[in-house]
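Peer 1: Pasting a structure below so you can have a look.
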Amino acid sequence: MKRLLRGGRVVDPTQGLDAVADVLIEDGRIAGVGPMRAGAGVEVVEVPAGCVVCPGFIDMHVHLREPGQEHKETIATGTAAAAAGGFTAVACMPNTEPANDCASLTEAILKAAAATAHVRVYPIGAVTKGMKGEQLAEIADLKAAGCVAVSDDGRPVPSAIIMRRALEYTLMLGLPVIDHCEEPTLKGEGTAHEGYMASVLGLRGIPAAAESIMVERDVALAEMTGGRVHIAHLSTRQALRSVRAGRERGVRVTCEVTPHHFTLTDARLADPIPYDTNLKMNPPLREAADVDALLDGLRDGTVDAIATDHAPHQPDEKFVEFDRAPFGIIGLETAVPLALDRLVRPGVIALPRLVELMSSNPARILGVAGGTLKAGSPADVTIIAPEAAFTVDLARSRSKSRNSPFDGWRLAGAVAATIVAGRTVYVNAEVDGAAVLGPAAARA
Ligand code: DOR
Ligand code: ZN
């Protein structure tokens with residue numbers, strides 16, 4: 001099967017490319033980018049005006065909940081949401097039930113993904129057995145079974161010696177350790193960022209130092225061991241400072257931020273709906289100075305990736321007192337519109353940098369294929385429409401859950417289509433002209 005995406009703006013930072021060009025897809029792989037001639041048997045698709053062709057976006061931090069919590073999400077529904085959000089691949093966190101801490105679980109996830117997933121699924125294995133923070137999991141087995149990283153996400157790796165051993169061990173295997181950095185004794189029973197807002201609302205606080213202390217520890221341990229640490233959902237200016245300083249010393253540390261942490265502050269906890277549990281997540285929404293610092297980090301290269309921390313929960317779990325609600329919000333279908341509207345449109349970053357943050361860097365950090373349109377790579381392509389209007393409508397979400405604070409938000413920037421291995425897995429009928437990007441069968 002050959003397909004030519006003709007005449008779109010193609011942005012691929014891995015080739016220093018930002019120009020109008022054609023993309024030729026052959027047998028699920030990129031055959032070439034540039035001025036291409038459509039030979040015999042090639043299906044030609046005109047990329048709609050205003051659309052941008054990018055290497056497929058990769059969300060390196062997603063909770064798919066299967067196995068064990070299929071009432072919140074399944075591999076099928078979570079990856080359908082990913083496709084609709086412009087992601088051609090997701091990495092799924094191991095806090096399933098049971099936790100993905102052994103090869104047989106990883107194999108079961110990959111088998112279910114092969115049968116039901118709409119996009120590529122890369123499992124992340126647990127750092128410790130049962131994610132209990134006590135004994136290392138069989139990390140080599142996890143890698144052999146297909147895990148691309150290890151993490152106890154949802155929880156930190158609480159002890160420094162376990163983190164040291166994890167970094168030493170994964171160094172031999174070439175995997176990153178992804179840490180959810182919250183020093184447990186400082187986090188305590190906190191539910192919101194420790195500061196003015198938590199005080200006036202009577203919520204127990206999670207201080208910024210809970211995050212920054214552990215990030216500083218991890219940077220020191222990565223420096224000592226030579227291992228590779230990736231900081232999940234970094235949320236504070238202090239932690240960002242540690243990453244920046246570590247990087248300057250040559251430490252192998254990378255980090256991601258979420259769309260909710262760069263668009264919202266804890267001021268939202270009072271307004272417009274006080275104690276809205278769709279604003280309860282871990283780490284919590286921080287203050288304006290933190291958001292400003294994250295924007296600086298996105299701009300100056302300190303932040304490596306945008307990841308959603310897509311964390312589905314059901315209404316009966318979320319519609320309870322703030323204190324009792326689970327942490328987390330969904331994010332797969334809102335990430336690209338939020339990034340286009342809040343980062344690209346106001347000029348915080350340019351499109352090539354967005355592609356780096358959402359595609360090439362996640363691919364590099366996880367060591368997976370994709371993140372590029374170089375000839376020979378998988379034909380995973382995200383086509384975005386930066387000028388198209390997009391209104392968040394949770395009623396139409398592909399996810400099984402609806403826990404998002406962005407319902408009704410009007411944004412500029414949408415996903416036009418998502419292509420995995422040359423096959424269109426999502427088309428946005430609301431983007432002018434995008435229907436041509438759909439599968440040939442659907443258009444006939
Ligand atoms: O808010 C969160 N929810 N943060 C996490 O780290 C875990 C996640 C979940 O699994 O619900
Ligand atoms: Zn986490």
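Please note that chains go A, B, ... in the order of the structure tokens, that every chain numbers its residues from 1, and that ligands are numbered from 1 in the order shown.
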Give me the residues of segment 237-282 of chain A that have any atom at most 9 Å from an atom of segment 304-323 of chain A; for each, the nearest atom pair and the distance in Å, rounded to one decimal. Use only C-alpha atoms, sort by chain and number, and format it as CSV.
Peer 2:
residue,atom,partner,partner_atom,distance
A:Thr254,CA,A:Asp304,CA,6.1
A:Cys255,CA,A:Asp304,CA,5.5
A:Glu256,CA,A:Ala305,CA,4.5
A:Val257,CA,A:Ile306,CA,5.1
A:Thr258,CA,A:Thr308,CA,5.1
A:Pro259,CA,A:Thr308,CA,6.5
A:His260,CA,A:Thr308,CA,8.1
A:Tyr275,CA,A:Phe322,CA,6.0
A:Asp276,CA,A:Phe322,CA,7.3
A:Thr277,CA,A:Phe322,CA,5.6
A:Asn278,CA,A:Lys318,CA,7.4
A:Lys280,CA,A:Phe322,CA,7.6
A:Met281,CA,A:Ala311,CA,8.9
Peer 1: Per residue of chain A within 8 Å of ligand 2, record the nearest atom pair and its distance in Å to one decimal, counting only C-alpha atoms and all ligand atoms, with rows in chain order and ascending residue number, as JSON lines.
Peer 2:
{"residue": "A:Asp153", "atom": "CA", "partner": "ligand 2", "partner_atom_place_in_ligand_line": "1 (Zn)", "distance": 4.5}
{"residue": "A:Gly154", "atom": "CA", "partner": "ligand 2", "partner_atom_place_in_ligand_line": "1 (Zn)", "distance": 4.3}
{"residue": "A:Arg155", "atom": "CA", "partner": "ligand 2", "partner_atom_place_in_ligand_line": "1 (Zn)", "distance": 6.6}
{"residue": "A:Pro156", "atom": "CA", "partner": "ligand 2", "partner_atom_place_in_ligand_line": "1 (Zn)", "distance": 7.9}
{"residue": "A:Asp179", "atom": "CA", "partner": "ligand 2", "partner_atom_place_in_ligand_line": "1 (Zn)", "distance": 7.7}
{"residue": "A:His180", "atom": "CA", "partner": "ligand 2", "partner_atom_place_in_ligand_line": "1 (Zn)", "distance": 4.7}
{"residue": "A:Cys181", "atom": "CA", "partner": "ligand 2", "partner_atom_place_in_ligand_line": "1 (Zn)", "distance": 7.8}
{"residue": "A:Ala232", "atom": "CA", "partner": "ligand 2", "partner_atom_place_in_ligand_line": "1 (Zn)", "distance": 6.2}
{"residue": "A:His233", "atom": "CA", "partner": "ligand 2", "partner_atom_place_in_ligand_line": "1 (Zn)", "distance": 6.5}
{"residue": "A:Asn282", "atom": "CA", "partner": "ligand 2", "partner_atom_place_in_ligand_line": "1 (Zn)", "distance": 6.3}
{"residue": "A:Pro283", "atom": "CA", "partner": "ligand 2", "partner_atom_place_in_ligand_line": "1 (Zn)", "distance": 7.1}
{"residue": "A:Asp309", "atom": "CA", "partner": "ligand 2", "partner_atom_place_in_ligand_line": "1 (Zn)", "distance": 6.9}
Peer 1: Please identify every residue of segment 157-204 of chain A that has at least one atom no farther than 9 Å from an atom of segment 268-273 of chain A, counting only C-alpha atoms, and for each give the shortest atom pair and the distance in Å to one decimal, arranged by chain then increasing number, as JSON lines.
Peer 2:
{"residue": "A:Ala192", "atom": "CA", "partner": "A:Leu269", "partner_atom": "CA", "distance": 8.7}
{"residue": "A:Met197", "atom": "CA", "partner": "A:Leu269", "partner_atom": "CA", "distance": 7.4}
{"residue": "A:Ala198", "atom": "CA", "partner": "A:Leu269", "partner_atom": "CA", "distance": 8.4}
{"residue": "A:Leu201", "atom": "CA", "partner": "A:Ala270", "partner_atom": "CA", "distance": 7.6}
Peer 1: Assign secondary structure with DSSP using the backbone only, and return the residues of segment 225-418 of chain A in helix (DSSP H, G or I) as a VMD selection string.
Peer 2: chain A and resid 225 237 to 248 259 to 263 266 to 269 277 to 279 288 to 300 315 to 318 322 to 324 335 to 344 351 to 366 394 to 396
Peer 1: Could you check which of A:Arg65, A:Arg120, A:Arg217, A:Arg29 is closest to Thr372 of chain A, using only C-alpha atoms?
Peer 2: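 Among A:Arg65, A:Arg120, A:Arg217, A:Arg29, it is A:Arg29 that comes nearest to Thr372 of chain A.
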Peer 1: Restrict the calculation to only C-alpha atoms, then for each residue of segment 156-269 of chain A with any atom at most 9 Å from an atom of segment 134-143 of chain A give the closest atom pair and their distance in Å to one decimal, rows by chain and rising residue number, as CSV.
Peer 2:
residue,atom,partner,partner_atom,distance
A:Val157,CA,A:Glu134,CA,8.8
A:Pro158,CA,A:Glu134,CA,8.7
A:Ser159,CA,A:Glu134,CA,8.1
A:Ile162,CA,A:Leu136,CA,7.1
A:Arg165,CA,A:Leu136,CA,8.0
A:Ala166,CA,A:Leu136,CA,7.0
A:Tyr169,CA,A:Ile139,CA,7.9
A:Thr170,CA,A:Ile139,CA,7.5
A:Leu173,CA,A:Ala140,CA,7.0
A:Leu175,CA,A:Lys143,CA,8.1
Peer 1: Residues as selected, N, CA and C atoms, written as a JSON list (two decimals), in the first residue's frame, can you do that?
Peer 2:
[["chain", "number", "residue", "atom", "x", "y", "z"],
["A", 157, "VAL", "N", 9.65, 6.40, 44.50],
["A", 157, "VAL", "CA", 10.54, 5.36, 45.04],
["A", 157, "VAL", "C", 11.03, 5.95, 46.36],
["A", 158, "PRO", "N", 10.48, 5.46, 47.48],
["A", 158, "PRO", "CA", 10.66, 6.21, 48.73],
["A", 158, "PRO", "C", 12.08, 6.16, 49.28],
["A", 159, "SER", "N", 12.79, 5.05, 49.09],
["A", 159, "SER", "CA", 14.09, 4.99, 49.75],
["A", 159, "SER", "C", 15.23, 5.27, 48.78],
["A", 162, "ILE", "N", 17.09, 2.14, 47.43],
["A", 162, "ILE", "CA", 16.38, 1.41, 46.34],
["A", 162, "ILE", "C", 16.52, 2.19, 45.03],
["A", 165, "ARG", "N", 19.96, 1.58, 43.65],
["A", 165, "ARG", "CA", 20.07, 0.24, 43.01],
["A", 165, "ARG", "C", 19.31, 0.20, 41.69],
["A", 166, "ALA", "N", 18.15, 0.84, 41.67],
["A", 166, "ALA", "CA", 17.35, 0.85, 40.42],
["A", 166, "ALA", "C", 18.13, 1.56, 39.31],
["A", 169, "TYR", "N", 21.05, -0.70, 38.20],
["A", 169, "TYR", "CA", 20.59, -1.87, 37.47],
["A", 169, "TYR", "C", 20.09, -1.49, 36.08],
["A", 170, "THR", "N", 19.30, -0.40, 36.01],
["A", 170, "THR", "CA", 18.76, 0.00, 34.70],
["A", 170, "THR", "C", 19.86, 0.57, 33.80],
["A", 173, "LEU", "N", 20.91, -2.03, 31.67],
["A", 173, "LEU", "CA", 19.87, -2.45, 30.71],
["A", 173, "LEU", "C", 19.52, -1.35, 29.71],
["A", 175, "LEU", "N", 17.66, 1.30, 30.37],
["A", 175, "LEU", "CA", 16.30, 1.83, 30.58],
["A", 175, "LEU", "C", 16.34, 3.06, 31.47]]
Peer 1: Report as an NGL selection string all protein, DNA and RNA residues lying within 7 Å of segment 422-431 of chain A, evaluated on only C-alpha atoms, omitting residues in the same chain fewer than 2 positions from it.
Peer 2: :A and (25 or 28-29 or 83-84 or 118 or 379-380 or 388 or 415-420 or 433-435 or 437-439)
Peer 1: For C-alpha atoms, I'd like the residues from the last selection saved as a compact mmCIF listing (two decimals), in the first residue's frame.
Peer 2:
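Saved to selection_20.txt:
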# COMPACT_ATOMS: atom_id res chain seq x y z
CA ILE A 25 4.11 6.19 2.96
CA GLY A 28 3.47 1.18 6.95
CA ARG A 29 6.76 3.05 6.74
CA ALA A 83 -5.93 8.41 18.74
CA ALA A 84 -8.52 11.19 18.99
CA HIS A 118 -5.95 1.81 18.40
CA ALA A 379 4.60 5.79 9.26
CA ASP A 380 3.23 7.22 12.50
CA ALA A 388 -8.99 25.26 13.83
CA VAL A 415 -5.96 17.41 15.81
CA ALA A 416 -6.97 16.79 12.19
CA ALA A 417 -5.92 13.15 11.86
CA THR A 418 -3.83 10.42 13.44
CA ILE A 419 -2.04 7.82 11.35
CA VAL A 420 -0.40 4.69 12.80
CA GLY A 433 -11.14 19.19 4.43
CA ALA A 434 -9.87 16.57 6.88
CA ALA A 435 -12.24 13.88 5.63
CA LEU A 437 -7.30 11.97 5.37
CA GLY A 438 -9.63 9.13 6.34
CA PRO A 439 -9.21 5.59 5.14
Peer 1: Of the residues A:Val148, A:Ile213, A:Val45, A:Phe406, which is the one nearest to Ala363 of chain A, using only C-alpha atoms?
Peer 2: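 Once distances to Ala363 of chain A are computed over only C-alpha atoms, the minimum belongs to A:Val148.
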Peer 1: Might you pull out every residue within 12 Å of Leu411 of chain A, with only C-alpha atoms counted and same-chain residues fewer than 6 positions away left off, and present them as a tab-separated table (two decimals) with all heavy atoms, in the first residue's frame?
Peer 2:
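So result_1.tsv came out as:
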chain	number	residue	atom	x	y	z
A	334	THR	N	-7.26	16.48	25.28
A	334	THR	CA	-7.14	17.94	25.43
A	334	THR	C	-5.70	18.44	25.33
A	334	THR	O	-5.48	19.65	25.21
A	334	THR	CB	-7.73	18.38	26.79
A	334	THR	OG1	-7.24	17.49	27.81
A	334	THR	CG2	-9.24	18.31	26.79
A	335	ALA	N	-4.73	17.53	25.36
A	335	ALA	CA	-3.33	17.96	25.44
A	335	ALA	C	-2.88	18.78	24.23
A	335	ALA	O	-2.29	19.86	24.39
A	335	ALA	CB	-2.42	16.73	25.60
A	336	VAL	N	-3.17	18.30	23.03
A	336	VAL	CA	-2.69	19.01	21.84
A	336	VAL	C	-3.40	20.36	21.69
A	336	VAL	O	-2.73	21.39	21.50
A	336	VAL	CB	-2.82	18.12	20.58
A	336	VAL	CG1	-2.58	18.93	19.31
A	336	VAL	CG2	-1.83	16.95	20.68
A	337	PRO	N	-4.75	20.41	21.80
A	337	PRO	CA	-5.39	21.73	21.73
A	337	PRO	C	-4.88	22.70	22.81
A	337	PRO	O	-4.65	23.88	22.53
A	337	PRO	CB	-6.88	21.42	21.92
A	337	PRO	CG	-7.03	20.02	21.42
A	337	PRO	CD	-5.75	19.32	21.80
A	338	LEU	N	-4.67	22.22	24.03
A	338	LEU	CA	-4.16	23.11	25.09
A	338	LEU	C	-2.75	23.60	24.75
A	338	LEU	O	-2.42	24.78	24.93
A	338	LEU	CB	-4.14	22.39	26.45
A	338	LEU	CG	-5.50	22.22	27.14
A	338	LEU	CD1	-5.38	21.24	28.31
A	338	LEU	CD2	-6.06	23.56	27.62
A	339	ALA	N	-1.93	22.70	24.24
A	339	ALA	CA	-0.55	23.09	23.91
A	339	ALA	C	-0.55	24.09	22.75
A	339	ALA	O	0.20	25.07	22.76
A	339	ALA	CB	0.28	21.87	23.57
A	340	LEU	N	-1.39	23.85	21.74
A	340	LEU	CA	-1.44	24.77	20.60
A	340	LEU	C	-1.96	26.13	21.05
A	340	LEU	O	-1.41	27.18	20.68
A	340	LEU	CB	-2.32	24.21	19.48
A	340	LEU	CG	-1.71	23.03	18.71
A	340	LEU	CD1	-2.75	22.38	17.80
A	340	LEU	CD2	-0.50	23.49	17.88
A	341	ASP	N	-3.01	26.14	21.87
A	341	ASP	CA	-3.64	27.38	22.28
A	341	ASP	C	-2.79	28.16	23.28
A	341	ASP	O	-2.67	29.39	23.20
A	341	ASP	CB	-5.01	27.08	22.89
A	341	ASP	CG	-5.83	28.34	23.13
A	341	ASP	OD1	-5.66	28.97	24.20
A	341	ASP	OD2	-6.62	28.70	22.25
A	342	ARG	N	-2.21	27.47	24.24
A	342	ARG	CA	-1.53	28.15	25.34
A	342	ARG	C	-0.02	28.29	25.15
A	342	ARG	O	0.63	29.07	25.85
A	342	ARG	CB	-1.81	27.44	26.66
A	342	ARG	CG	-3.28	27.46	27.04
A	342	ARG	CD	-3.76	28.90	27.08
A	342	ARG	NE	-5.20	29.03	27.04
A	342	ARG	CZ	-5.96	29.27	28.10
A	342	ARG	NH1	-5.43	29.37	29.28
A	342	ARG	NH2	-7.26	29.40	27.95
A	343	LEU	N	0.57	27.49	24.27
A	343	LEU	CA	2.02	27.57	24.08
A	343	LEU	C	2.39	28.13	22.71
A	343	LEU	O	3.21	29.04	22.60
A	343	LEU	CB	2.67	26.19	24.25
A	343	LEU	CG	2.49	25.49	25.60
A	343	LEU	CD1	3.16	24.12	25.59
A	343	LEU	CD2	3.05	26.34	26.75
A	344	VAL	N	1.79	27.56	21.66
A	344	VAL	CA	2.21	27.94	20.31
A	344	VAL	C	1.59	29.28	19.89
A	344	VAL	O	2.29	30.16	19.41
A	344	VAL	CB	1.88	26.82	19.29
A	344	VAL	CG1	2.27	27.25	17.88
A	344	VAL	CG2	2.60	25.53	19.69
A	345	ARG	N	0.28	29.41	20.13
A	345	ARG	CA	-0.40	30.63	19.67
A	345	ARG	C	0.17	31.89	20.31
A	345	ARG	O	0.46	32.86	19.63
A	345	ARG	CB	-1.90	30.52	19.90
A	345	ARG	CG	-2.71	31.47	19.03
A	345	ARG	CD	-4.13	31.02	18.93
A	345	ARG	NE	-4.75	31.03	20.25
A	345	ARG	CZ	-5.73	31.85	20.61
A	345	ARG	NH1	-6.18	32.74	19.76
A	345	ARG	NH2	-6.24	31.79	21.81
A	385	ALA	N	-4.19	20.94	13.10
A	385	ALA	CA	-4.76	22.12	12.46
A	385	ALA	C	-4.66	23.25	13.48
A	385	ALA	O	-5.59	23.48	14.26
A	385	ALA	CB	-6.21	21.86	12.07
A	386	PRO	N	-3.52	23.96	13.50
A	386	PRO	CA	-3.27	24.93	14.58
A	386	PRO	C	-4.29	26.07	14.63
A	386	PRO	O	-4.48	26.65	15.69
A	386	PRO	CB	-1.87	25.47	14.26
A	386	PRO	CG	-1.25	24.47	13.36
A	386	PRO	CD	-2.37	23.83	12.59
A	387	GLU	N	-4.96	26.35	13.52
A	387	GLU	CA	-5.91	27.48	13.53
A	387	GLU	C	-7.34	27.03	13.76
A	387	GLU	O	-8.23	27.87	13.94
A	387	GLU	CB	-5.84	28.23	12.19
A	387	GLU	CG	-4.45	28.74	11.79
A	387	GLU	CD	-3.87	29.70	12.81
A	387	GLU	OE1	-4.66	30.41	13.46
A	387	GLU	OE2	-2.64	29.73	12.97
A	388	ALA	N	-7.60	25.73	13.73
A	388	ALA	CA	-8.99	25.26	13.83
A	388	ALA	C	-9.52	25.46	15.24
A	388	ALA	O	-8.81	25.26	16.23
A	388	ALA	CB	-9.07	23.79	13.44
A	389	ALA	N	-10.80	25.84	15.33
A	389	ALA	CA	-11.42	26.01	16.65
A	389	ALA	C	-11.71	24.64	17.25
A	389	ALA	O	-12.06	23.70	16.54
A	389	ALA	CB	-12.71	26.80	16.51
A	390	PHE	N	-11.54	24.54	18.55
A	390	PHE	CA	-11.81	23.27	19.24
A	390	PHE	C	-12.47	23.59	20.57
A	390	PHE	O	-11.95	24.36	21.37
A	390	PHE	CB	-10.49	22.52	19.47
A	390	PHE	CG	-10.67	21.22	20.22
A	390	PHE	CD1	-11.07	20.06	19.56
A	390	PHE	CD2	-10.42	21.14	21.58
A	390	PHE	CE1	-11.24	18.86	20.24
A	390	PHE	CE2	-10.59	19.94	22.29
A	390	PHE	CZ	-10.99	18.80	21.61
A	391	THR	N	-13.66	23.02	20.77
A	391	THR	CA	-14.33	23.17	22.07
A	391	THR	C	-14.31	21.83	22.77
A	391	THR	O	-14.74	20.82	22.20
A	391	THR	CB	-15.78	23.67	21.89
A	391	THR	OG1	-15.73	24.91	21.18
A	391	THR	CG2	-16.46	23.88	23.23
A	392	VAL	N	-13.81	21.80	23.99
A	392	VAL	CA	-13.75	20.54	24.74
A	392	VAL	C	-15.17	20.13	25.09
A	392	VAL	O	-15.92	20.92	25.67
A	392	VAL	CB	-12.90	20.69	26.02
A	392	VAL	CG1	-12.84	19.37	26.76
A	392	VAL	CG2	-11.51	21.21	25.69
A	393	ASP	N	-15.55	18.92	24.71
A	393	ASP	CA	-16.88	18.41	25.00
A	393	ASP	C	-16.73	17.01	25.59
A	393	ASP	O	-16.58	16.02	24.87
A	393	ASP	CB	-17.72	18.38	23.72
A	393	ASP	CG	-19.14	17.88	23.99
A	393	ASP	OD1	-19.46	17.57	25.16
A	393	ASP	OD2	-19.91	17.79	23.02
Peer 1: As a PyMOL selection string, please: the residues near Leu394 of chain A (cut-off 8 Å, only C-alpha atoms, same-chain neighbours under 6 positions excluded).
Peer 2: chain A and resi 402+404+407-408
Peer 1: Take the residues that were just selected and, keeping all heavy atoms, output them as a PDB file, in the first residue's frame.
Peer 2:
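Produced file part_18.pdb, reproduced below:
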ATOM      1  N   ARG A 402     -14.688  10.784  32.688  1.00  0.00           N
ATOM      2  CA  ARG A 402     -15.019  12.163  32.297  1.00  0.00           C
ATOM      3  C   ARG A 402     -14.360  13.186  33.223  1.00  0.00           C
ATOM      4  O   ARG A 402     -14.790  14.342  33.267  1.00  0.00           O
ATOM      5  CB  ARG A 402     -16.545  12.355  32.376  1.00  0.00           C
ATOM      6  CG  ARG A 402     -17.341  11.510  31.399  1.00  0.00           C
ATOM      7  CD  ARG A 402     -17.176  12.060  29.992  1.00  0.00           C
ATOM      8  NE  ARG A 402     -17.918  11.298  28.993  1.00  0.00           N
ATOM      9  CZ  ARG A 402     -17.391  10.253  28.329  1.00  0.00           C
ATOM     10  NH1 ARG A 402     -16.172   9.844  28.579  1.00  0.00           N
ATOM     11  NH2 ARG A 402     -18.103   9.635  27.418  1.00  0.00           N
ATOM     12  N   SER A 404     -12.321  15.690  33.960  1.00  0.00           N
ATOM     13  CA  SER A 404     -11.451  16.730  33.406  1.00  0.00           C
ATOM     14  C   SER A 404     -11.975  18.089  33.810  1.00  0.00           C
ATOM     15  O   SER A 404     -13.189  18.311  33.821  1.00  0.00           O
ATOM     16  CB  SER A 404     -11.429  16.633  31.880  1.00  0.00           C
ATOM     17  OG  SER A 404     -10.960  17.853  31.320  1.00  0.00           O
ATOM     18  N   ASP A 407     -13.814  20.898  30.527  1.00  0.00           N
ATOM     19  CA  ASP A 407     -15.056  20.801  29.758  1.00  0.00           C
ATOM     20  C   ASP A 407     -15.542  22.197  29.357  1.00  0.00           C
ATOM     21  O   ASP A 407     -15.569  23.116  30.173  1.00  0.00           O
ATOM     22  CB  ASP A 407     -16.141  20.096  30.587  1.00  0.00           C
ATOM     23  CG  ASP A 407     -17.273  19.582  29.713  1.00  0.00           C
ATOM     24  OD1 ASP A 407     -17.033  19.334  28.509  1.00  0.00           O
ATOM     25  OD2 ASP A 407     -18.391  19.414  30.230  1.00  0.00           O
ATOM     26  N   GLY A 408     -15.912  22.338  28.100  1.00  0.00           N
ATOM     27  CA  GLY A 408     -16.450  23.606  27.616  1.00  0.00           C
ATOM     28  C   GLY A 408     -15.388  24.618  27.208  1.00  0.00           C
ATOM     29  O   GLY A 408     -15.722  25.669  26.660  1.00  0.00           O
TER      30      GLY A 408
END
Peer 1: Can you measure atom CA of Val11 of chain A to atom CA of Gly301 of chain A for me? One decimal in Å is fine.
Peer 2: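 Separating atom CA of Val11 of chain A from atom CA of Gly301 of chain A is a distance of 17.9 Å.
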Peer 1: Please provide as a VMD selection string all residues within 9 Å of Arg244 of chain A, with the sequence filter that same-chain residues fewer than 6 positions apart are discarded (counting only C-alpha atoms).
Peer 2: chain A and resid 253 297 302 to 303
Peer 1: Output N, CA, C and O atoms for every residue in that selection, as a tab-separated table (two decimals), in the first residue's frame.
Peer 2:
chain	number	residue	atom	x	y	z
A	253	VAL	N	19.54	13.46	33.38
A	253	VAL	CA	18.20	13.69	33.94
A	253	VAL	C	17.34	14.36	32.87
A	253	VAL	O	17.78	15.27	32.18
A	297	GLY	N	10.82	26.82	31.22
A	297	GLY	CA	11.48	25.53	30.96
A	297	GLY	C	11.07	24.93	29.62
A	297	GLY	O	11.87	24.30	28.94
A	302	THR	N	14.80	23.14	29.07
A	302	THR	CA	14.96	22.36	30.30
A	302	THR	C	13.92	21.26	30.39
A	302	THR	O	14.20	20.15	30.84
A	303	VAL	N	12.70	21.57	29.96
A	303	VAL	CA	11.64	20.54	29.93
A	303	VAL	C	11.80	19.75	28.64
A	303	VAL	O	11.94	20.31	27.56
Peer 1: Report, in Å with one decimal, the straight-line distance from atom CA of Leu294 of chain A to atom CA of Met358 of chain A.
Peer 2: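 Atom CA of Leu294 of chain A sits 15.4 Å away from atom CA of Met358 of chain A.
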Peer 1: Quick one: pull the distance between atom CA of Thr14 of chain A and atom CA of Gly226 of chain A, Å, one decimal.
Peer 2: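 Going from atom CA of Thr14 of chain A over to atom CA of Gly226 of chain A, I get 25.9 Å.
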Peer 1: Within segment 174-339 of chain A, find each residue whose DSSP state, derived from the backbone, is strand (DSSP E), and express the selection as a PyMOL selection string.
Peer 2: chain A and resi 177-179+192-193+205-206+229-231+253-257+305-306
Peer 1: Here is a test: counting only C-alpha atoms, which residue of A:Gly68, A:Gly250, A:Pro207, A:Gly347 is nearest to Ser235 of chain A?
Peer 2: A:Pro207
Peer 1: So which one's closest to Met224 of chain A, A:Met163, A:Met36, A:Ile206, A:Cys147? Using only C-alpha atoms, please.
Peer 2: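 Smallest distance to Met224 of chain A is found for A:Met163.
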